[in-house]
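Visitor: Got a structure for you, written out below as structure tokens; questions coming shortly.
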Amino acid sequence: MASLPVLLMALVLCGIALDQSHVEANFSKSMYINWGTQHCSISGNGQDAQLVLDQISGSGVQSKRAFLFGSIEMLIKLVPGNSAGTVTAYYLSSTGSKHDEIDFEFLGNVSGQPYIIHTNIYTQGVGSREQQFYPWFDPTAAYHNYTIHWNPTEVVWYIDRLPIRVFRNYESKGIAYPNKQGMRVYSSLWNADNWATRGGLIKIDWNSAPFRAGLRNFRARACKWNGPVSITQCSATSPANWWTAPTYRQLSFAKLGQNKWVRDNYMIYDYCKDTKRFNGQMPPECFKQQY
């Protein structure tokens, strides 16, 4: 009988083999440039976008609609070479001081050093739930699929169909969960050299500018936000609301194996293990089962 590590590796490789990182969508119909107009472009066929950062400005795009629950995915190719001080962001967010937010942020690094995949979640304006990973691939050499799956039960962050993180709904235990605010989708490339690389010690080398990140085939298979009525409509269990099906309420055995492989081998920071940061008063979800 195969050992557990061998089985886990087989599950991971199976997931990678099945994923073709292919998303059918038309970018220009779903998103628009919301800042840095002269530093961002959408291709003529609407499938691709390019974000650019130089000393004048960065750039960003956002979805035309807001959503509540579903699967949000996009293919991204990150800034190559010396990307220290740059951040490419891809996230969902509502507005206001009590906003909800689900983040992927990609922290650049000097040539030869790995990117840091930074994840976070805000509920009712409260964040500080960071988990970070090194990629197990070169995110600058090709496009990779980054997906946020969000339903009434859990939020799951995926890379190329491998789940790297889960945040479950423990609202009944007094822990806020993002289920009452529609969120738009955003992506941007910007100067974060005051904090991004080694806490801001390494600044952007503008001799390497302009910096470019590629976006491709944004797709939102999600419930459209139409105001407070959507809180009930988007969470109702029905065939139309496919994200509420039992299969999406918890990771399968195979996905649990993939998740363990990523976290065992590539996680570099987990806020739930940072007792010094919280002076021993750990966030309550850290004591709850997330998987």
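Note on naming: chains are A, B, ... as they come in the structure tokens, residues start from 1 per chain, ligands start from 1 in the order shown.
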Just list as a PyMOL selection string whatever in stretch 87-232 of chain A DSSP marks as strand (DSSP E or B).

Guide: chain A and resi 87-93+101-107+116-123+126+131-133+144-150+154-159+162-168+183-191+211-224

Visitor: Once you count only C-alpha atoms, what closest atom pair and distance in Å to one decimal does each residue of stretch 59-157 of chain A within 6 Å of stretch 248-266 of chain A have, with rows by chain and rising residue number, as CSV?

Guide:
residue,atom,partner,partner_atom,distance
A:Phe133,CA,A:Tyr266,CA,5.3
A:Tyr134,CA,A:Tyr266,CA,5.2
A:Thr153,CA,A:Arg249,CA,5.7

Visitor: Given only C-alpha atoms as the basis, pick out the residue of A:Ser63, A:Ser71, A:Thr88, A:Trp195 nearest to A:Trp242.

Guide: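 Closest to A:Trp242, using only C-alpha atoms: A:Ser71.
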
Visitor: As a list of chain:residue names, please: the residues near stretch 207-218 of chain A (cut-off 8 Å, only C-alpha atoms, same-chain neighbours under 3 positions excluded).

Guide: A:Val23, A:Glu24, A:Ala25, A:Asn26, A:Phe27, A:Ser30, A:Gln47, A:Asp48, A:Ala49, A:Gln50, A:Leu51, A:Val52, A:Leu53, A:Asp54, A:Gln55, A:Ile72, A:Glu73, A:Met74, A:Leu75, A:Ile76, A:Lys77, A:Leu78, A:Val79, A:Pro80, A:Asn82, A:Ser83, A:Thr88, A:Tyr143, A:Leu189

Visitor: Dump N, CA and C atoms for the selected residues as a short mmCIF file (atom, residue, chain, number, x, y, z; two decimals), in the first residue's frame?

Guide:
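Result file is out-v3.cif:
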data_model
loop_
_atom_site.label_atom_id
_atom_site.label_comp_id
_atom_site.auth_asym_id
_atom_site.auth_seq_id
_atom_site.Cartn_x
_atom_site.Cartn_y
_atom_site.Cartn_z
N VAL A 23 -10.15 29.58 -18.99
CA VAL A 23 -11.39 30.23 -18.58
C VAL A 23 -12.01 30.88 -19.81
N GLU A 24 -13.25 30.56 -20.10
CA GLU A 24 -13.94 31.18 -21.22
C GLU A 24 -14.62 32.46 -20.74
N ALA A 25 -14.18 33.58 -21.27
CA ALA A 25 -14.76 34.86 -20.87
C ALA A 25 -14.30 35.94 -21.83
N ASN A 26 -14.98 37.08 -21.77
CA ASN A 26 -14.56 38.25 -22.53
C ASN A 26 -14.29 39.37 -21.54
N PHE A 27 -13.02 39.74 -21.43
CA PHE A 27 -12.58 40.67 -20.41
C PHE A 27 -13.29 42.02 -20.53
N SER A 30 -16.73 42.56 -19.01
CA SER A 30 -16.92 42.36 -17.58
C SER A 30 -16.24 43.40 -16.70
N GLN A 47 -9.95 39.75 -24.55
CA GLN A 47 -9.57 38.61 -23.73
C GLN A 47 -8.48 38.93 -22.72
N ASP A 48 -7.66 39.93 -23.02
CA ASP A 48 -6.48 40.21 -22.21
C ASP A 48 -6.46 41.66 -21.76
N ALA A 49 -5.74 41.89 -20.66
CA ALA A 49 -5.44 43.24 -20.21
C ALA A 49 -4.01 43.28 -19.73
N GLN A 50 -3.40 44.44 -19.79
CA GLN A 50 -2.05 44.63 -19.28
C GLN A 50 -2.03 45.80 -18.32
N LEU A 51 -1.50 45.54 -17.12
CA LEU A 51 -1.30 46.59 -16.13
C LEU A 51 0.15 47.04 -16.20
N VAL A 52 0.37 48.36 -16.09
CA VAL A 52 1.71 48.92 -16.20
C VAL A 52 1.97 49.84 -15.02
N LEU A 53 3.19 49.78 -14.50
CA LEU A 53 3.65 50.67 -13.43
C LEU A 53 4.95 51.32 -13.84
N ASP A 54 5.00 52.66 -13.75
CA ASP A 54 6.26 53.37 -13.89
C ASP A 54 6.29 54.47 -12.83
N GLN A 55 7.24 55.39 -12.92
CA GLN A 55 7.38 56.42 -11.90
C GLN A 55 6.23 57.41 -11.90
N ILE A 72 -14.90 33.37 -8.62
CA ILE A 72 -14.28 34.47 -9.34
C ILE A 72 -12.89 34.01 -9.75
N GLU A 73 -12.60 34.03 -11.04
CA GLU A 73 -11.29 33.53 -11.48
C GLU A 73 -10.69 34.39 -12.57
N MET A 74 -9.37 34.38 -12.62
CA MET A 74 -8.65 35.11 -13.64
C MET A 74 -7.27 34.49 -13.81
N LEU A 75 -6.77 34.54 -15.02
CA LEU A 75 -5.40 34.12 -15.29
C LEU A 75 -4.49 35.34 -15.17
N ILE A 76 -3.38 35.18 -14.44
CA ILE A 76 -2.47 36.29 -14.20
C ILE A 76 -1.04 35.85 -14.47
N LYS A 77 -0.28 36.72 -15.12
CA LYS A 77 1.17 36.53 -15.30
C LYS A 77 1.85 37.73 -14.66
N LEU A 78 2.69 37.47 -13.66
CA LEU A 78 3.24 38.53 -12.84
C LEU A 78 4.47 39.19 -13.46
N VAL A 79 4.83 40.34 -12.88
CA VAL A 79 5.97 41.14 -13.34
C VAL A 79 7.25 40.30 -13.27
N PRO A 80 7.98 40.16 -14.37
CA PRO A 80 9.21 39.36 -14.36
C PRO A 80 10.41 40.17 -13.88
N ASN A 82 13.44 41.87 -11.77
CA ASN A 82 13.52 42.54 -10.48
C ASN A 82 12.21 43.29 -10.23
N SER A 83 11.32 42.64 -9.50
CA SER A 83 9.99 43.22 -9.23
C SER A 83 9.87 43.74 -7.80
N THR A 88 1.20 43.28 -7.28
CA THR A 88 0.08 43.02 -8.17
C THR A 88 -1.04 42.48 -7.30
N TYR A 143 0.87 32.25 -17.58
CA TYR A 143 -0.37 32.60 -16.86
C TYR A 143 -0.79 31.44 -15.96
N LEU A 189 -1.75 47.12 -10.28
CA LEU A 189 -0.29 47.03 -10.15
C LEU A 189 0.17 48.37 -9.63
#

Visitor: Leaving out A:Val166 and any residue of its chain fewer than 6 positions from it, which residues lie within 10 Å of it when counting only C-alpha atoms, given as a VMD selection string?

Guide: chain A and resid 149 to 150 154 to 158 250 to 251 259 289 to 291

Visitor: Keeping only N, CA and C atoms, write those residues as a PDB file, in the first residue's frame.

Guide:
ATOM      1  N   HIS A 149     -13.279  31.194  -4.429  1.00  0.00           N
ATOM      2  CA  HIS A 149     -14.594  30.562  -4.350  1.00  0.00           C
ATOM      3  C   HIS A 149     -15.220  30.957  -3.021  1.00  0.00           C
ATOM      4  N   TRP A 150     -16.430  31.483  -3.095  1.00  0.00           N
ATOM      5  CA  TRP A 150     -17.045  32.142  -1.934  1.00  0.00           C
ATOM      6  C   TRP A 150     -18.515  31.745  -1.888  1.00  0.00           C
ATOM      7  N   GLU A 154     -18.128  28.818   3.201  1.00  0.00           N
ATOM      8  CA  GLU A 154     -16.685  28.998   3.273  1.00  0.00           C
ATOM      9  C   GLU A 154     -16.159  29.841   2.119  1.00  0.00           C
ATOM     10  N   VAL A 155     -14.985  30.423   2.345  1.00  0.00           N
ATOM     11  CA  VAL A 155     -14.198  31.066   1.295  1.00  0.00           C
ATOM     12  C   VAL A 155     -12.978  30.189   1.054  1.00  0.00           C
ATOM     13  N   VAL A 156     -12.694  29.887  -0.216  1.00  0.00           N
ATOM     14  CA  VAL A 156     -11.514  29.078  -0.547  1.00  0.00           C
ATOM     15  C   VAL A 156     -10.703  29.823  -1.607  1.00  0.00           C
ATOM     16  N   TRP A 157      -9.408  29.952  -1.354  1.00  0.00           N
ATOM     17  CA  TRP A 157      -8.469  30.525  -2.312  1.00  0.00           C
ATOM     18  C   TRP A 157      -7.833  29.368  -3.084  1.00  0.00           C
ATOM     19  N   TYR A 158      -7.864  29.420  -4.412  1.00  0.00           N
ATOM     20  CA  TYR A 158      -7.275  28.369  -5.249  1.00  0.00           C
ATOM     21  C   TYR A 158      -6.196  28.962  -6.154  1.00  0.00           C
ATOM     22  N   GLN A 250     -17.611  21.830   1.803  1.00  0.00           N
ATOM     23  CA  GLN A 250     -16.385  21.410   2.456  1.00  0.00           C
ATOM     24  C   GLN A 250     -15.472  20.784   1.410  1.00  0.00           C
ATOM     25  N   LEU A 251     -14.166  20.920   1.601  1.00  0.00           N
ATOM     26  CA  LEU A 251     -13.230  20.339   0.649  1.00  0.00           C
ATOM     27  C   LEU A 251     -13.355  18.824   0.637  1.00  0.00           C
ATOM     28  N   ASN A 259      -4.466  20.631  -0.381  1.00  0.00           N
ATOM     29  CA  ASN A 259      -4.304  21.738   0.541  1.00  0.00           C
ATOM     30  C   ASN A 259      -3.174  21.480   1.535  1.00  0.00           C
ATOM     31  N   GLN A 289     -12.056  24.742  13.459  1.00  0.00           N
ATOM     32  CA  GLN A 289     -11.659  23.896  12.333  1.00  0.00           C
ATOM     33  C   GLN A 289     -12.012  24.614  11.033  1.00  0.00           C
ATOM     34  N   GLN A 290     -11.025  24.806  10.172  1.00  0.00           N
ATOM     35  CA  GLN A 290     -11.271  25.506   8.904  1.00  0.00           C
ATOM     36  C   GLN A 290     -11.461  24.533   7.742  1.00  0.00           C
ATOM     37  N   TYR A 291     -11.149  23.255   7.931  1.00  0.00           N
ATOM     38  CA  TYR A 291     -11.175  22.324   6.805  1.00  0.00           C
ATOM     39  C   TYR A 291     -12.176  21.197   7.024  1.00  0.00           C
TER      40      TYR A 291
END

Visitor: Could you give me, as number ranges by chain, the residues within 9 Å of A:Tyr271, counting only C-alpha atoms and dropping anything in the same chain fewer than 3 positions from it?

Guide: A: 128-131, 274-275, 277-278, 282-283, 286

Visitor: For those residues, write N, CA and C atoms to a file as a short mmCIF file (atom, residue, chain, number, x, y, z; two decimals), in the first residue's frame.

Guide:
data_model
loop_
_atom_site.label_atom_id
_atom_site.label_comp_id
_atom_site.auth_asym_id
_atom_site.auth_seq_id
_atom_site.Cartn_x
_atom_site.Cartn_y
_atom_site.Cartn_z
N SER A 128 -6.30 41.82 9.23
CA SER A 128 -5.21 41.22 10.03
C SER A 128 -5.30 39.71 10.08
N ARG A 129 -5.69 39.10 8.95
CA ARG A 129 -5.79 37.64 8.87
C ARG A 129 -4.90 37.13 7.73
N GLU A 130 -3.66 37.54 7.74
CA GLU A 130 -2.77 37.24 6.63
C GLU A 130 -2.22 35.82 6.69
N GLN A 131 -2.17 35.19 5.54
CA GLN A 131 -1.41 33.96 5.35
C GLN A 131 -0.60 34.15 4.07
N ASP A 274 1.02 33.42 15.03
CA ASP A 274 1.82 34.57 15.43
C ASP A 274 1.35 35.08 16.79
N THR A 275 1.68 34.33 17.84
CA THR A 275 1.20 34.67 19.18
C THR A 275 1.79 35.99 19.68
N ARG A 277 2.45 38.67 17.93
CA ARG A 277 1.74 39.78 17.30
C ARG A 277 0.46 40.13 18.05
N PHE A 278 -0.25 39.12 18.49
CA PHE A 278 -1.54 39.33 19.14
C PHE A 278 -1.46 39.30 20.66
N MET A 282 -5.38 35.53 20.62
CA MET A 282 -5.52 35.13 19.22
C MET A 282 -6.94 35.34 18.72
N PRO A 283 -7.09 35.66 17.43
CA PRO A 283 -8.43 35.79 16.85
C PRO A 283 -9.22 34.50 17.05
N CYS A 286 -9.08 31.23 14.95
CA CYS A 286 -7.87 30.40 15.00
C CYS A 286 -8.08 29.13 15.82
#

Visitor: Once DSSP has gone over the backbone, tell me which residues of stretch 13-101 of chain A are in alpha helix (DSSP H), as an NGL selection string.

Guide: :A and (13-18 or 27-30)

Visitor: Restricting the calculation to only C-alpha atoms: of A:Ser93, A:Ser188, A:Asn241, A:Thr232, which residue gets closest to A:His39?

Guide: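 Smallest separation from A:His39 among the options: A:Ser188.
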
Visitor: Could you check which of A:Asn169, A:Ser94, A:Gln38, A:Asn151 is closest to A:Ala245, using only C-alpha atoms?

Guide: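 Closest to A:Ala245, using only C-alpha atoms: A:Asn151.
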
Visitor: List as a Markdown table every residue of stretch 136-233 of chain A that is in contact with stretch 96-114 of chain A, defined as an atom at most 9 Å from one of its atoms (using only C-alpha atoms), together with the nearest atom pair and the distance in Å rounded to one decimal, sorted by chain and then rising number.

Guide:
| residue | atom | partner | partner_atom | distance |
| --- | --- | --- | --- | --- |
| A:Asp138 | CA | A:Pro114 | CA | 8.1 |
| A:Tyr146 | CA | A:Phe104 | CA | 8.4 |
| A:Ile148 | CA | A:Ile102 | CA | 7.9 |
| A:Val155 | CA | A:Ile102 | CA | 8.5 |
| A:Trp157 | CA | A:Phe104 | CA | 8.3 |
| A:Tyr177 | CA | A:Asp100 | CA | 8.5 |
| A:Pro178 | CA | A:Asp100 | CA | 5.8 |
| A:Asn179 | CA | A:Asp100 | CA | 8.7 |
| A:Lys180 | CA | A:Asp100 | CA | 8.9 |
| A:Gln181 | CA | A:Asp100 | CA | 7.0 |
| A:Gly182 | CA | A:Asp100 | CA | 8.6 |
| A:Met183 | CA | A:Glu101 | CA | 7.5 |
| A:Ala192 | CA | A:Leu107 | CA | 8.7 |
| A:Ala196 | CA | A:Leu107 | CA | 5.9 |
| A:Thr197 | CA | A:Asn109 | CA | 6.3 |
| A:Arg198 | CA | A:Asn109 | CA | 8.8 |
| A:Ile202 | CA | A:Val110 | CA | 8.5 |

Visitor: Would you put the residues from that selection into a file with C-alpha atoms, as an mmCIF file, in the first residue's frame?

Guide:
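again22.cif written:
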data_model
loop_
_atom_site.group_PDB
_atom_site.id
_atom_site.type_symbol
_atom_site.label_atom_id
_atom_site.label_comp_id
_atom_site.auth_asym_id
_atom_site.auth_seq_id
_atom_site.Cartn_x
_atom_site.Cartn_y
_atom_site.Cartn_z
ATOM 1 C CA ASP A 138 7.464 30.584 -11.703
ATOM 2 C CA TYR A 146 -6.192 32.325 -9.410
ATOM 3 C CA ILE A 148 -11.682 32.870 -5.120
ATOM 4 C CA VAL A 155 -14.198 31.066 1.295
ATOM 5 C CA TRP A 157 -8.469 30.525 -2.312
ATOM 6 C CA TYR A 177 -18.334 36.363 7.856
ATOM 7 C CA PRO A 178 -18.641 38.145 4.466
ATOM 8 C CA ASN A 179 -22.225 37.296 3.537
ATOM 9 C CA LYS A 180 -24.196 40.560 3.540
ATOM 10 C CA GLN A 181 -22.304 42.908 1.204
ATOM 11 C CA GLY A 182 -21.862 42.698 -2.532
ATOM 12 C CA MET A 183 -18.246 42.921 -3.647
ATOM 13 C CA ALA A 192 4.286 49.425 -2.460
ATOM 14 C CA ALA A 196 6.186 45.061 0.263
ATOM 15 C CA THR A 197 9.762 43.735 0.050
ATOM 16 C CA ARG A 198 11.441 42.945 3.378
ATOM 17 C CA ILE A 202 14.221 47.163 -0.657
#

Visitor: Just to confirm, what's the straight-line distance from atom CA of A:Thr86 to atom CA of A:Asn191 in Å (one decimal)?

Guide: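 Atom CA of A:Asn191 lies 5.1 Å from atom CA of A:Thr86.
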